[in-house]
$ cat my_file17.cif   # mmCIF, C-alpha atoms
data_input
#
loop_
_atom_site.label_atom_id
_atom_site.label_comp_id
_atom_site.auth_asym_id
_atom_site.auth_seq_id
_atom_site.Cartn_x
_atom_site.Cartn_y
_atom_site.Cartn_z
CA MET Q 1 -2.80 3.55 11.43
CA ALA Q 2 -3.91 -0.04 11.12
CA LYS Q 3 -3.82 0.10 7.34
CA GLU Q 4 -0.04 0.09 7.16
CA MET Q 5 2.28 -2.42 8.71
CA LYS Q 6 3.93 -0.86 11.72
CA PHE Q 7 7.63 -0.22 11.55
CA GLU Q 8 8.21 -2.56 14.44
CA GLU Q 9 6.31 -5.34 12.66
CA MET Q 10 8.33 -4.83 9.51
CA MET Q 11 11.58 -5.00 11.46
CA LYS Q 12 10.43 -8.17 13.16
CA LYS Q 13 9.42 -9.75 9.86
CA LEU Q 14 12.71 -8.72 8.32
CA GLU Q 15 14.67 -10.28 11.16
CA ASP Q 16 12.60 -13.46 10.82
CA VAL Q 17 13.36 -13.63 7.10
CA VAL Q 18 17.07 -13.30 7.77
CA GLY Q 19 16.85 -15.97 10.47
CA ASP Q 20 14.97 -18.36 8.14
CA LEU Q 21 17.45 -17.82 5.35
CA GLU Q 22 20.41 -18.27 7.66
CA SER Q 23 19.04 -21.58 8.90
CA GLY Q 24 19.34 -22.83 5.31
CA GLU Q 25 16.47 -25.29 5.67
CA MET Q 26 14.51 -24.18 2.63
CA PRO Q 27 14.25 -25.22 -1.00
CA LEU Q 28 16.11 -22.96 -3.41
CA GLU Q 29 12.99 -21.38 -4.93
CA GLU Q 30 11.62 -20.56 -1.50
CA SER Q 31 14.96 -19.14 -0.39
CA LEU Q 32 15.06 -16.87 -3.39
CA LYS Q 33 11.47 -15.76 -2.79
CA LYS Q 34 12.24 -15.02 0.85
CA TYR Q 35 15.37 -13.20 -0.11
CA GLU Q 36 13.40 -10.96 -2.44
CA ASP Q 37 10.85 -10.34 0.34
CA GLY Q 38 13.71 -9.41 2.64
CA VAL Q 39 15.19 -6.92 0.21
CA LYS Q 40 11.76 -5.33 -0.34
CA LEU Q 41 11.12 -5.05 3.41
CA LEU Q 42 14.54 -3.52 3.95
CA LYS Q 43 13.81 -0.87 1.33
CA LEU Q 44 10.40 -0.19 2.88
CA CYS Q 45 11.95 0.24 6.33
CA ARG Q 46 14.54 2.67 5.04
CA LYS Q 47 11.86 4.59 3.19
CA ARG Q 48 9.71 4.73 6.32
CA LEU Q 49 12.61 6.15 8.29
CA ASP Q 50 13.02 8.94 5.77
CA GLU Q 51 9.48 9.73 4.83
CA THR Q 52 7.73 10.67 8.10
CA LYS Q 53 7.17 14.37 8.29
CA ARG Q 54 7.23 16.37 11.50
CA LYS Q 55 3.65 17.24 12.25
CA VAL Q 56 2.15 18.50 15.50
CA GLU Q 57 -1.61 18.77 15.71
CA LEU Q 58 -4.03 19.89 18.40
CA LEU Q 59 -7.47 18.35 18.79
CA VAL Q 60 -10.23 20.92 19.17
CA LYS Q 61 -13.87 20.32 20.02
CA LYS Q 62 -16.11 22.22 17.67
CA GLY Q 63 -19.85 21.71 18.08
CA GLY Q 64 -19.25 18.44 19.91
CA LYS Q 65 -17.02 17.15 17.12
CA LEU Q 66 -13.28 16.71 17.38
CA THR Q 67 -11.19 18.26 14.65
CA SER Q 68 -7.47 18.73 14.49
CA GLU Q 69 -5.63 21.90 13.73
CA LYS Q 70 -1.96 22.82 13.58
CA PHE Q 71 -0.36 23.26 16.99
CA GLU Q 72 1.55 26.51 17.33
CA GLU Q 73 4.74 25.59 19.16
CA MET N 1 2.87 26.44 103.64
CA VAL N 2 1.61 29.81 104.83
CA LYS N 3 4.09 32.60 105.44
CA ASP N 4 3.26 36.23 106.14
CA GLY N 5 -0.32 35.48 105.24
CA LYS N 6 0.75 34.11 101.82
CA TYR N 7 0.38 30.52 100.69
CA ILE N 8 3.58 29.37 99.06
CA TYR N 9 3.64 26.23 96.90
CA LYS N 10 6.56 23.93 96.53
CA VAL N 11 7.44 23.33 92.85
CA SER N 12 6.38 19.72 93.02
CA GLU N 13 3.22 20.63 94.84
CA LEU N 14 2.21 23.18 92.21
CA THR N 15 3.14 20.87 89.38
CA SER N 16 1.10 18.10 90.96
CA SER N 17 -1.92 20.38 91.23
CA ILE N 18 -1.52 21.46 87.60
CA LYS N 19 -1.30 17.82 86.61
CA VAL N 20 -4.55 17.01 88.35
CA ILE N 21 -6.35 19.98 86.80
CA LEU N 22 -4.97 19.48 83.30
CA GLU N 23 -5.39 15.74 83.16
CA ASP N 24 -8.89 15.89 84.59
CA SER N 25 -9.98 18.67 82.26
CA PHE N 26 -8.49 17.26 79.05
CA SER N 27 -8.80 13.51 79.35
CA ASN N 28 -10.83 12.84 76.16
CA VAL N 29 -10.25 15.53 73.56
CA TRP N 30 -9.75 15.99 69.83
CA VAL N 31 -7.04 18.33 68.66
CA GLU N 32 -6.03 19.20 65.12
CA GLY N 33 -2.92 20.74 63.62
CA GLU N 34 -0.01 20.34 61.24
CA ILE N 35 2.52 17.65 61.98
CA SER N 36 6.15 18.66 62.29
CA ASN N 37 9.33 17.16 63.70
CA PHE N 38 7.89 13.72 63.18
CA LYS N 39 10.12 10.95 64.56
CA SER N 40 9.48 7.25 64.50
CA HIS N 41 11.58 5.71 67.27
CA THR N 42 12.99 2.21 66.90
CA SER N 43 10.72 1.24 69.79
CA GLY N 44 7.79 1.87 67.46
CA HIS N 45 6.58 4.95 69.35
CA PHE N 46 5.95 8.12 67.36
CA TYR N 47 6.91 11.58 68.60
CA PHE N 48 5.93 14.78 66.85
CA THR N 49 4.65 18.30 67.27
CA LEU N 50 1.19 19.45 66.30
CA LYS N 51 1.12 23.11 65.48
CA ASP N 52 -0.94 25.91 64.09
CA ASP N 53 -0.01 29.49 63.33
CA ARG N 54 0.17 30.46 67.00
CA SER N 55 1.01 27.44 69.13
CA GLU N 56 2.73 24.11 69.32
CA LEU N 57 1.81 20.94 71.17
CA LYS N 58 4.12 18.01 71.86
CA VAL N 59 2.48 14.71 71.03
CA THR N 60 3.41 11.12 71.77
CA PHE N 61 1.69 8.38 69.84
CA PHE N 62 2.64 5.04 71.37
CA LYS N 63 3.18 1.90 69.35
CA ARG N 64 0.12 0.06 70.63
CA TYR N 65 -2.04 2.91 69.31
CA ASN N 66 -0.23 3.76 66.08
CA GLU N 67 0.06 0.23 64.70
CA ASN N 68 -3.23 0.44 62.80
CA ILE N 69 -2.42 3.62 60.88
CA LYS N 70 -2.37 2.73 57.12
CA PHE N 71 -0.88 5.91 55.76
CA GLU N 72 2.60 7.18 56.28
CA ILE N 73 2.79 10.07 58.69
CA LYS N 74 4.88 12.91 57.32
CA ASP N 75 5.78 16.42 58.26
CA GLY N 76 3.38 18.95 56.75
CA MET N 77 0.40 16.66 57.04
CA TYR N 78 -2.69 17.86 58.84
CA ALA N 79 -4.01 15.50 61.46
CA VAL N 80 -6.79 15.24 63.98
CA CYS N 81 -5.72 13.43 67.12
CA PHE N 82 -7.79 12.02 69.95
CA GLY N 83 -6.27 11.48 73.38
CA LYS N 84 -5.46 13.20 76.63
CA VAL N 85 -3.16 15.76 78.06
CA SER N 86 -0.55 14.44 80.46
CA VAL N 87 1.95 16.24 82.62
CA TYR N 88 5.49 15.06 83.07
CA GLU N 89 6.10 16.27 86.55
CA LYS N 90 9.83 15.85 86.66
CA ARG N 91 10.33 18.39 83.88
CA GLY N 92 7.20 20.35 84.46
CA GLN N 93 6.10 19.77 80.92
CA TYR N 94 2.82 18.78 79.46
CA GLN N 95 2.22 16.78 76.33
CA PHE N 96 -0.60 15.18 74.43
CA ASN N 97 -0.84 11.38 74.41
CA ALA N 98 -2.66 10.44 71.22
CA THR N 99 -4.58 7.21 70.99
CA ARG N 100 -6.15 7.80 67.55
CA MET N 101 -5.23 9.81 64.50
CA GLU N 102 -7.10 10.78 61.39
CA ALA N 103 -5.55 12.49 58.41
CA LYS N 104 -6.81 15.81 57.20
CA GLY N 105 -5.89 17.74 54.04
CA ILE N 106 -2.78 16.18 52.46
CA GLY N 107 -3.09 13.38 54.91
CA ALA N 108 -6.54 12.59 53.65
CA LEU N 109 -5.27 12.62 50.04
CA GLN N 110 -2.51 10.26 50.95
CA LEU N 111 -5.02 8.04 52.64
CA ALA N 112 -7.27 8.09 49.59
CA PHE N 113 -4.29 7.21 47.41
CA GLU N 114 -3.48 4.18 49.52
CA GLN N 115 -7.06 3.05 49.56
CA LEU N 116 -7.58 3.40 45.81
CA LYS N 117 -4.25 1.75 45.10
CA GLU N 118 -5.21 -1.25 47.19
CA LYS N 119 -8.64 -1.49 45.59
CA LEU N 120 -7.40 -1.29 41.99
CA PHE N 121 -4.55 -3.67 42.72
CA LYS N 122 -7.06 -6.24 43.98
CA GLU N 123 -9.15 -5.73 40.84
CA GLY N 124 -6.13 -6.55 38.67
CA LEU N 125 -5.67 -3.13 37.09
CA PHE N 126 -1.93 -3.24 37.78
CA ASP N 127 -1.34 -6.77 36.47
CA GLU N 128 1.94 -7.07 34.59
CA SER N 129 0.33 -9.58 32.24
CA ARG N 130 -1.95 -6.95 30.70
CA LYS N 131 0.84 -4.50 29.94
CA ARG N 132 1.33 -4.06 26.22
CA PRO N 133 4.61 -3.30 24.43
CA ILE N 134 5.30 0.28 23.40
CA PRO N 135 6.03 0.68 19.66
CA THR N 136 9.51 1.99 18.88
CA LEU N 137 8.50 3.98 15.84
CA PRO N 138 4.81 4.80 16.15
CA GLY N 139 3.05 6.20 13.13
CA SER N 140 1.63 8.85 15.39
CA ILE N 141 1.81 9.72 19.07
CA GLY N 142 -1.14 10.96 21.11
CA ILE N 143 -0.41 13.26 24.03
CA VAL N 144 -2.90 14.13 26.75
CA THR N 145 -1.64 17.14 28.69
CA SER N 146 -1.98 20.89 29.01
CA PRO N 147 -1.06 22.54 25.69
CA THR N 148 0.49 25.44 27.58
CA GLY N 149 2.47 23.49 30.19
CA ALA N 150 6.18 22.76 30.42
CA ALA N 151 5.59 19.07 29.76
CA ILE N 152 4.46 19.45 26.14
CA ARG N 153 7.42 21.74 25.34
CA ASP N 154 9.85 19.25 26.90
CA MET N 155 8.36 16.33 25.02
CA LEU N 156 8.36 18.03 21.61
CA HIS N 157 11.94 19.10 22.22
CA VAL N 158 13.10 15.57 23.07
CA LEU N 159 11.16 14.03 20.17
CA GLY N 160 12.76 16.45 17.75
CA LYS N 161 16.23 15.64 19.03
CA ARG N 162 15.78 11.90 18.59
CA PHE N 163 13.95 11.86 15.32
CA SER N 164 13.47 15.00 13.29
CA ASN N 165 10.28 13.69 11.71
CA PHE N 166 7.36 12.60 13.87
CA HIS N 167 3.62 12.97 14.11
CA VAL N 168 2.10 14.16 17.38
CA ILE N 169 -1.56 14.76 18.12
CA ILE N 170 -2.23 16.69 21.32
CA ASN N 171 -5.57 16.26 23.02
CA PRO N 172 -5.58 19.17 25.48
CA ALA N 173 -6.76 18.54 29.03
CA LYS N 174 -6.76 20.41 32.27
CA VAL N 175 -4.14 18.66 34.39
CA GLN N 176 -4.88 20.15 37.80
CA GLY N 177 -7.77 21.46 39.80
CA GLU N 178 -11.45 20.71 39.79
CA GLY N 179 -12.56 18.50 36.89
CA ALA N 180 -9.02 17.72 35.68
CA GLY N 181 -9.46 13.96 36.19
CA GLU N 182 -12.59 13.92 34.05
CA GLU N 183 -10.89 15.88 31.26
CA ILE N 184 -7.86 13.59 31.23
CA ALA N 185 -10.06 10.48 31.17
CA SER N 186 -12.23 11.76 28.33
CA ALA N 187 -9.15 12.81 26.31
CA ILE N 188 -7.87 9.22 26.54
CA GLN N 189 -11.29 7.98 25.42
CA ASP N 190 -11.25 10.43 22.48
CA PHE N 191 -8.08 8.86 21.13
CA ASN N 192 -9.65 5.44 21.44
CA VAL N 193 -12.71 6.56 19.52
CA LEU N 194 -10.70 8.30 16.80
CA ASN N 195 -8.17 5.45 16.79
CA ASN N 196 -5.66 7.79 15.14
CA VAL N 197 -2.58 7.17 17.28
CA ASP N 198 -0.38 4.16 18.06
CA VAL N 199 0.51 5.18 21.60
CA ILE N 200 -0.75 7.71 24.16
CA ILE N 201 1.37 9.68 26.60
CA VAL N 202 -0.59 11.02 29.59
CA GLY N 203 1.19 13.43 31.85
CA ARG N 204 2.27 16.78 33.15
CA GLY N 205 5.29 18.46 34.73
CA GLY N 206 6.16 18.52 38.40
CA GLY N 207 4.11 20.13 41.17
CA SER N 208 2.76 19.62 44.65
CA LEU N 209 0.82 16.50 45.50
CA GLU N 210 -2.43 18.45 45.13
CA ASP N 211 -1.33 19.73 41.71
CA LEU N 212 -0.66 16.18 40.52
CA TRP N 213 -3.74 14.75 42.17
CA ALA N 214 -5.84 14.23 39.05
CA PHE N 215 -3.51 11.39 38.08
CA ASN N 216 -4.46 9.60 41.30
CA GLU N 217 -8.14 9.64 40.47
CA GLU N 218 -10.07 6.49 39.77
CA ILE N 219 -11.67 7.88 36.60
CA VAL N 220 -8.19 8.38 35.08
CA ALA N 221 -7.05 4.93 36.19
CA ARG N 222 -10.09 3.31 34.57
CA ALA N 223 -9.68 5.29 31.33
CA ILE N 224 -6.08 4.09 31.09
CA PHE N 225 -7.09 0.53 31.89
CA ASN N 226 -9.84 0.56 29.26
CA SER N 227 -7.70 2.13 26.53
CA LYS N 228 -7.06 -0.20 23.59
CA ILE N 229 -4.07 1.93 22.67
CA PRO N 230 -0.98 1.47 24.89
CA VAL N 231 -0.59 4.27 27.45
CA ILE N 232 2.54 5.79 28.97
CA SER N 233 2.06 7.62 32.26
CA ALA N 234 4.52 10.50 32.71
CA VAL N 235 3.70 12.61 35.72
CA GLY N 236 5.93 15.05 37.60
CA HIS N 237 9.36 13.92 38.66
CA GLU N 238 11.11 10.64 39.34
CA ILE N 239 9.88 10.54 42.96
CA ASP N 240 6.20 11.10 42.15
CA TRP N 241 4.35 7.81 41.90
CA MET N 242 0.77 8.16 40.77
CA ILE N 243 -2.05 5.63 40.45
CA SER N 244 -1.82 6.30 36.69
CA ASP N 245 1.77 5.04 36.81
CA PHE N 246 0.65 1.69 38.18
CA VAL N 247 -2.12 1.18 35.62
CA ALA N 248 -0.28 2.41 32.51
CA ASP N 249 1.50 0.05 30.16
CA LEU N 250 4.66 1.97 30.93
CA ARG N 251 5.60 4.42 33.68
CA ALA N 252 8.00 7.13 32.60
CA PRO N 253 9.51 9.08 35.51
CA THR N 254 9.15 12.38 33.63
CA PRO N 255 7.48 13.60 30.41
CA SER N 256 10.91 13.95 28.75
CA VAL N 257 11.71 10.31 29.47
CA ALA N 258 8.34 9.32 28.00
CA ALA N 259 9.27 11.12 24.79
CA GLU N 260 12.61 9.31 24.72
CA ARG N 261 10.98 5.99 25.34
CA VAL N 262 8.26 6.42 22.73
CA ILE N 263 10.54 7.01 19.79
CA ALA N 264 13.74 5.13 19.12
CA LYS N 265 16.72 7.13 18.00
CA LYS N 266 16.80 7.26 14.22
CA SER N 267 20.51 6.50 14.29
CA GLU N 268 19.86 3.33 16.31
CA LEU N 269 17.22 2.16 13.85
CA ILE N 270 19.57 2.81 10.96
CA ASP N 271 22.27 0.77 12.71
CA ARG N 272 19.81 -2.07 13.11
CA LEU N 273 18.84 -1.92 9.44
CA ASP N 274 22.49 -1.79 8.37
CA ASN N 275 23.14 -4.88 10.40
CA ILE N 276 20.24 -6.70 8.78
CA GLU N 277 21.28 -5.59 5.32
CA GLU N 278 24.78 -6.93 5.86
CA LYS N 279 23.39 -10.31 6.87
CA LEU N 280 20.92 -10.32 4.00
CA LYS N 281 23.62 -9.52 1.49
CA ALA N 282 25.72 -12.43 2.69
CA ILE N 283 22.86 -14.85 2.14
CA PRO N 284 22.83 -15.32 -1.69
CA SER N 285 26.48 -16.36 -1.67
CA GLU N 286 25.70 -18.69 1.23
CA ILE N 287 22.85 -20.23 -0.69
CA VAL N 288 24.99 -20.52 -3.80
CA MET N 289 27.80 -22.12 -1.85
CA GLU N 290 25.42 -24.56 -0.34
CA TYR N 291 24.01 -25.49 -3.72
CA GLU N 292 27.47 -25.78 -5.18
CA GLN N 293 28.33 -28.19 -2.49
CA ARG N 294 25.16 -30.13 -3.15
CA LEU N 295 25.96 -30.22 -6.86
CA ASP N 296 29.43 -31.50 -6.05
CA ASP N 297 27.87 -34.22 -3.97
CA ILE N 298 25.50 -35.14 -6.76
CA GLU N 299 28.32 -35.14 -9.28
CA GLU N 300 30.38 -37.42 -7.14
CA GLY N 301 27.41 -39.72 -6.72
CA LEU N 302 26.74 -39.79 -10.45
CA LEU N 303 30.35 -40.61 -11.26
CA LEU N 304 30.33 -43.44 -8.79
CA ARG N 305 27.13 -44.85 -10.21
CA PHE N 306 28.35 -44.53 -13.76
CA LYS N 307 31.53 -46.34 -12.86
CA HIS N 308 29.51 -49.03 -11.21
CA TYR N 309 27.30 -49.24 -14.30
CA ILE N 310 30.28 -49.60 -16.55
CA GLN N 311 31.75 -52.29 -14.35
CA LEU N 312 28.44 -54.10 -14.36
CA LYS N 313 28.18 -53.81 -18.12
CA GLU N 314 31.76 -54.89 -18.56
CA GLY N 315 30.89 -58.05 -16.69
CA SER N 316 27.92 -58.84 -18.88
CA PHE N 317 29.88 -58.05 -22.08
CA LYS N 318 32.42 -60.54 -21.03
CA LEU N 319 29.73 -63.12 -20.48
CA VAL N 320 28.20 -62.39 -23.87
CA PHE N 321 31.57 -62.63 -25.50
CA GLU N 322 32.19 -65.92 -23.82
CA LYS N 323 28.80 -67.19 -24.92
CA LEU N 324 29.45 -66.00 -28.44
CA GLU N 325 32.73 -67.77 -28.38
CA ILE N 326 31.06 -71.02 -27.38
CA LEU N 327 28.39 -70.65 -30.03
CA SER N 328 30.77 -69.72 -32.82
CA PRO N 329 30.65 -72.47 -35.50
CA LEU N 330 34.30 -71.98 -36.01
CA ALA N 331 34.89 -73.14 -32.48
CA ILE N 332 32.78 -76.21 -33.13
CA LEU N 333 34.66 -76.98 -36.29
CA GLY N 334 37.83 -76.67 -34.22
CA ARG N 335 36.68 -79.61 -32.21
CA GLY N 336 36.48 -81.80 -35.40
CA TYR N 337 32.92 -81.16 -36.50
CA SER N 338 32.12 -79.98 -40.05
CA ILE N 339 29.23 -78.26 -41.80
CA SER N 340 27.92 -79.03 -45.26
CA PHE N 341 26.00 -76.82 -47.69
CA LYS N 342 24.04 -78.01 -50.67
CA LEU N 343 25.10 -76.26 -53.81
CA PRO N 344 24.27 -74.08 -55.48
CA GLU N 345 21.73 -72.66 -52.97
CA MET N 346 24.20 -73.00 -50.09
CA SER N 347 21.57 -74.44 -47.78
CA ILE N 348 22.84 -76.17 -44.67
CA VAL N 349 22.42 -79.90 -44.92
CA LYS N 350 20.49 -81.16 -41.93
CA ASP N 351 18.23 -83.80 -43.51
CA VAL N 352 19.31 -86.41 -46.10
CA LYS N 353 15.78 -86.46 -47.53
CA LYS N 354 16.57 -83.13 -49.18
CA LEU N 355 19.52 -84.72 -51.03
CA LYS N 356 19.84 -87.09 -53.95
CA SER N 357 22.76 -88.82 -55.58
CA GLY N 358 24.83 -86.57 -57.66
CA ASP N 359 24.13 -83.36 -55.66
CA LEU N 360 27.15 -81.15 -55.16
CA LEU N 361 28.10 -80.32 -51.58
CA GLU N 362 30.48 -77.86 -50.03
CA THR N 363 31.79 -78.92 -46.67
CA ARG N 364 33.65 -76.68 -44.31
CA VAL N 365 36.05 -78.14 -41.82
CA SER N 366 38.18 -76.33 -39.29
CA LYS N 367 40.82 -75.63 -41.86
CA GLY N 368 39.61 -75.39 -45.43
CA ILE N 369 36.65 -76.28 -47.69
CA VAL N 370 35.93 -79.58 -49.46
CA LYS N 371 33.74 -79.88 -52.55
CA SER N 372 32.19 -83.35 -53.11
CA ARG N 373 29.39 -85.25 -54.93
CA VAL N 374 26.77 -87.40 -53.22
CA GLU N 375 27.29 -91.13 -53.97
CA GLU N 376 24.81 -92.81 -51.68
CA ILE N 377 22.18 -91.85 -49.18
CA SER N 378 21.14 -93.79 -46.18
CA GLY N 379 19.19 -93.19 -42.93
CA GLY N 380 16.82 -90.26 -42.49
#

$ encode --input "my_file17.cif" --output "structure tokens"
Amino acid sequence: MAKEMKFEEMMKKLEDVVGDLESGEMPLEESLKKYEDGVKLLKLCRKRLDETKRKVELLVKKGGKLTSEKFEE
Amino acid sequence: MVKDGKYIYKVSELTSSIKVILEDSFSNVWVEGEISNFKSHTSGHFYFTLKDDRSELKVTFFKRYNENIKFEIKDGMYAVCFGKVSVYEKRGQYQFNATRMEAKGIGALQLAFEQLKEKLFKEGLFDESRKRPIPTLPGSIGIVTSPTGAAIRDMLHVLGKRFSNFHVIINPAKVQGEGAGEEIASAIQDFNVLNNVDVIIVGRGGGSLEDLWAFNEEIVARAIFNSKIPVISAVGHEIDWMISDFVADLRAPTPSVAAERVIAKKSELIDRLDNIEEKLKAIPSEIVMEYEQRLDDIEEGLLLRFKHYIQLKEGSFKLVFEKLEILSPLAILGRGYSISFKLPEMSIVKDVKKLKSGDLLETRVSKGIVKSRVEEISGG
């Protein structure tokens, strides 16, 4: 799961962006860049909330190797 | 006392004889049984009954002997006591005065728990500083438990209620009986090798202390400690404290609570995002307002400078004008001077050497022009 930024990290980054922008201590270009970053992150977060699919797997040892199969609830 | 050929004891006499026989015969003995009616008196003395399926024995365990006992004595525990039988003559009762006690069965487990807890604590396995935060929306959740137990059903149920979409990977393990500790430990290691989850929940539903025992084993504690992925320990009920609870990054009192803790409510996350969005949306107008204000400031500054510039220039214009005024030939003529031009080329006459008699001159005075002819030249 290391490949993607974790939701918590995105939220933290988003909150940092808002904090930076609110402090108003940035040149205009940088503010606009940050603002765009913020909007993108916000969209990503919302997408992440919607996209995860319910999936329950069971790890099974087959010939000394672990494979996952669907867990029958 | 002998009466009618019969020896008749007095009560105290008989009791005294019994005392001698009992106390002499049972002065250094071991006796084992289950503890019941345990009472710890404020004096520090312990009173309880040791029993088995057929008999009961009253036991006193005085403070000076019980002070060194590390485990908590509880009803239901099996114990082996060393001591002597004593007879309380006044009541005609006998009891066992214990001077040592060793736990057996549950007691021994409890003892092992205390000992392992102390050892791991000293090694730093419970240090708060090593506890890692639990993600609020993990990409995937690893669960080490029995796939057929109540715990997994409870957890999936709670997860579903909080967040309809989630990803769970169950690594099945025996959670009680022989070899359970090893299975739990290796399941935790599996997740670390596969590195396919963001958090691991290790647990099972409620049961007796023996049922839960695997979670008190050192091998489980070390597997949790060595896990690179944060671990939540969720064993039994609120009152059950396991070694795994102390080592884990988070102790959940029950498996259901672990499920609640591992995934934030979707509605709460949406609220948080809404809040951020509101703030974010307010920002462009804030930036614009700020820049407007800065522009206003600049404008004001420019105006001021321009005004200053004009004033400065006005001053120098005046000076130039004044200078021009002074230099104007008309002004000089006004003071009585005149200027002469040689005709017809209209060259200003500055040197008499350039003139000869008879040349025509035009002379300007302050008011009017005079035409004249040169009569005589002198000087030069």

$ closest_atom_pairs --input "my_file17.cif" --of "chain Q" --to "chain N" --cutoff "10 Å" --atoms "only C-alpha atoms" --output "Markdown table"
| residue | atom | partner | partner_atom | distance |
| --- | --- | --- | --- | --- |
| Q:Met1 | CA | N:Asn196 | CA | 6.3 |
| Q:Ala2 | CA | N:Asp198 | CA | 8.8 |
| Q:Glu4 | CA | N:Gly139 | CA | 9.1 |
| Q:Met5 | CA | N:Gly139 | CA | 9.7 |
| Q:Lys6 | CA | N:Pro138 | CA | 7.2 |
| Q:Phe7 | CA | N:Leu137 | CA | 6.1 |
| Q:Glu8 | CA | N:Thr136 | CA | 6.5 |
| Q:Glu9 | CA | N:Pro135 | CA | 9.2 |
| Q:Met11 | CA | N:Leu273 | CA | 8.1 |
| Q:Leu14 | CA | N:Ile276 | CA | 7.8 |
| Q:Glu15 | CA | N:Ile276 | CA | 7.0 |
| Q:Val17 | CA | N:Leu280 | CA | 8.8 |
| Q:Val18 | CA | N:Leu280 | CA | 6.2 |
| Q:Gly19 | CA | N:Lys279 | CA | 9.4 |
| Q:Leu21 | CA | N:Ile283 | CA | 7.0 |
| Q:Glu22 | CA | N:Ile283 | CA | 6.9 |
| Q:Gly24 | CA | N:Ile287 | CA | 7.4 |
| Q:Met26 | CA | N:Ile287 | CA | 9.8 |
| Q:Pro27 | CA | N:Ile287 | CA | 9.9 |
| Q:Leu28 | CA | N:Ile287 | CA | 7.8 |
| Q:Ser31 | CA | N:Ile287 | CA | 8.0 |
| Q:Leu32 | CA | N:Pro284 | CA | 8.1 |
| Q:Tyr35 | CA | N:Leu280 | CA | 7.5 |
| Q:Glu36 | CA | N:Leu280 | CA | 9.9 |
| Q:Gly38 | CA | N:Leu280 | CA | 7.4 |
| Q:Val39 | CA | N:Leu280 | CA | 7.7 |
| Q:Leu42 | CA | N:Leu273 | CA | 7.2 |
| Q:Lys43 | CA | N:Leu273 | CA | 9.6 |
| Q:Cys45 | CA | N:Leu273 | CA | 7.9 |
| Q:Arg46 | CA | N:Leu273 | CA | 7.7 |
| Q:Arg48 | CA | N:Leu137 | CA | 9.6 |
| Q:Leu49 | CA | N:Lys266 | CA | 7.3 |
| Q:Asp50 | CA | N:Asn165 | CA | 8.1 |
| Q:Glu51 | CA | N:Asn165 | CA | 8.0 |
| Q:Thr52 | CA | N:Asn165 | CA | 5.4 |
| Q:Lys53 | CA | N:Asn165 | CA | 4.7 |
| Q:Arg54 | CA | N:Asn165 | CA | 4.1 |
| Q:Lys55 | CA | N:His167 | CA | 4.7 |
| Q:Val56 | CA | N:Val168 | CA | 4.7 |
| Q:Glu57 | CA | N:Ile169 | CA | 4.7 |
| Q:Leu58 | CA | N:Ile170 | CA | 4.7 |
| Q:Leu59 | CA | N:Asn171 | CA | 5.1 |
| Q:Val60 | CA | N:Asn171 | CA | 7.6 |
| Q:Lys61 | CA | N:Asn171 | CA | 9.7 |
| Q:Leu66 | CA | N:Asp190 | CA | 8.3 |
| Q:Ser68 | CA | N:Ile169 | CA | 8.0 |
| Q:Glu69 | CA | N:Ile169 | CA | 9.3 |
| Q:Lys70 | CA | N:Ile169 | CA | 9.3 |
| Q:Phe71 | CA | N:Ile170 | CA | 8.1 |
| Q:Glu72 | CA | N:Pro147 | CA | 9.6 |
| Q:Glu73 | CA | N:Arg153 | CA | 7.8 |

$ atom_distance --input "my_file17.cif" --atom1 "CA of Ala221 (chain N)" --atom2 "CA of Leu250 (chain N)"
13.2 Å

$ resolve_selection --input "my_file17.cif" --expression "the PyMOL selection byres ((chain N and resi 65-79) around 8)" --output "PyMOL selection string"
chain N and resi 32-38+45-46+61-64+80-81+98-107+110-111+114

$ atom_distance --input "my_file17.cif" --atom1 "CA of Ser25 (chain N)" --atom2 "CA of Gln95 (chain N)"
13.7 Å

$ atom_distance --input "my_file17.cif" --atom1 "CA of Pro230 (chain N)" --atom2 "CA of Ala150 (chain N)"
23.1 Å

$ residues_around --input "my_file17.cif" --residues "Lys367 (chain N)" --least-positions-apart "5" --cutoff "12 Å" --atoms "only C-alpha atoms" --output "VMD selection string"
chain N and resid 330 to 339

$ write_last_selection --input "my_file17.cif" --atoms "C-alpha atoms" --output "mmCIF file, keeping the file's coordinate frame"
data_model
loop_
_atom_site.group_PDB
_atom_site.id
_atom_site.type_symbol
_atom_site.label_atom_id
_atom_site.label_comp_id
_atom_site.auth_asym_id
_atom_site.auth_seq_id
_atom_site.Cartn_x
_atom_site.Cartn_y
_atom_site.Cartn_z
ATOM 1 C CA LEU N 330 34.300 -71.980 -36.010
ATOM 2 C CA ALA N 331 34.890 -73.140 -32.480
ATOM 3 C CA ILE N 332 32.780 -76.210 -33.130
ATOM 4 C CA LEU N 333 34.660 -76.980 -36.290
ATOM 5 C CA GLY N 334 37.830 -76.670 -34.220
ATOM 6 C CA ARG N 335 36.680 -79.610 -32.210
ATOM 7 C CA GLY N 336 36.480 -81.800 -35.400
ATOM 8 C CA TYR N 337 32.920 -81.160 -36.500
ATOM 9 C CA SER N 338 32.120 -79.980 -40.050
ATOM 10 C CA ILE N 339 29.230 -78.260 -41.800
#

$ resolve_selection --input "my_file17.cif" --expression "the PyMOL selection byres ((chain N and resi 340) around 12)" --output "number ranges by chain"
N: 333, 337-339, 341-352, 355, 359-365, 369-374

$ resolve_selection --input "my_file17.cif" --expression "the PyMOL selection byres ((chain N and resi 205) around 8)" --output "list in words"
Gly149, Ala150, Ala151, Gly203, Arg204, Gly206, Gly207, Val235, Gly236, His237, Thr254 and Pro255 of chain N
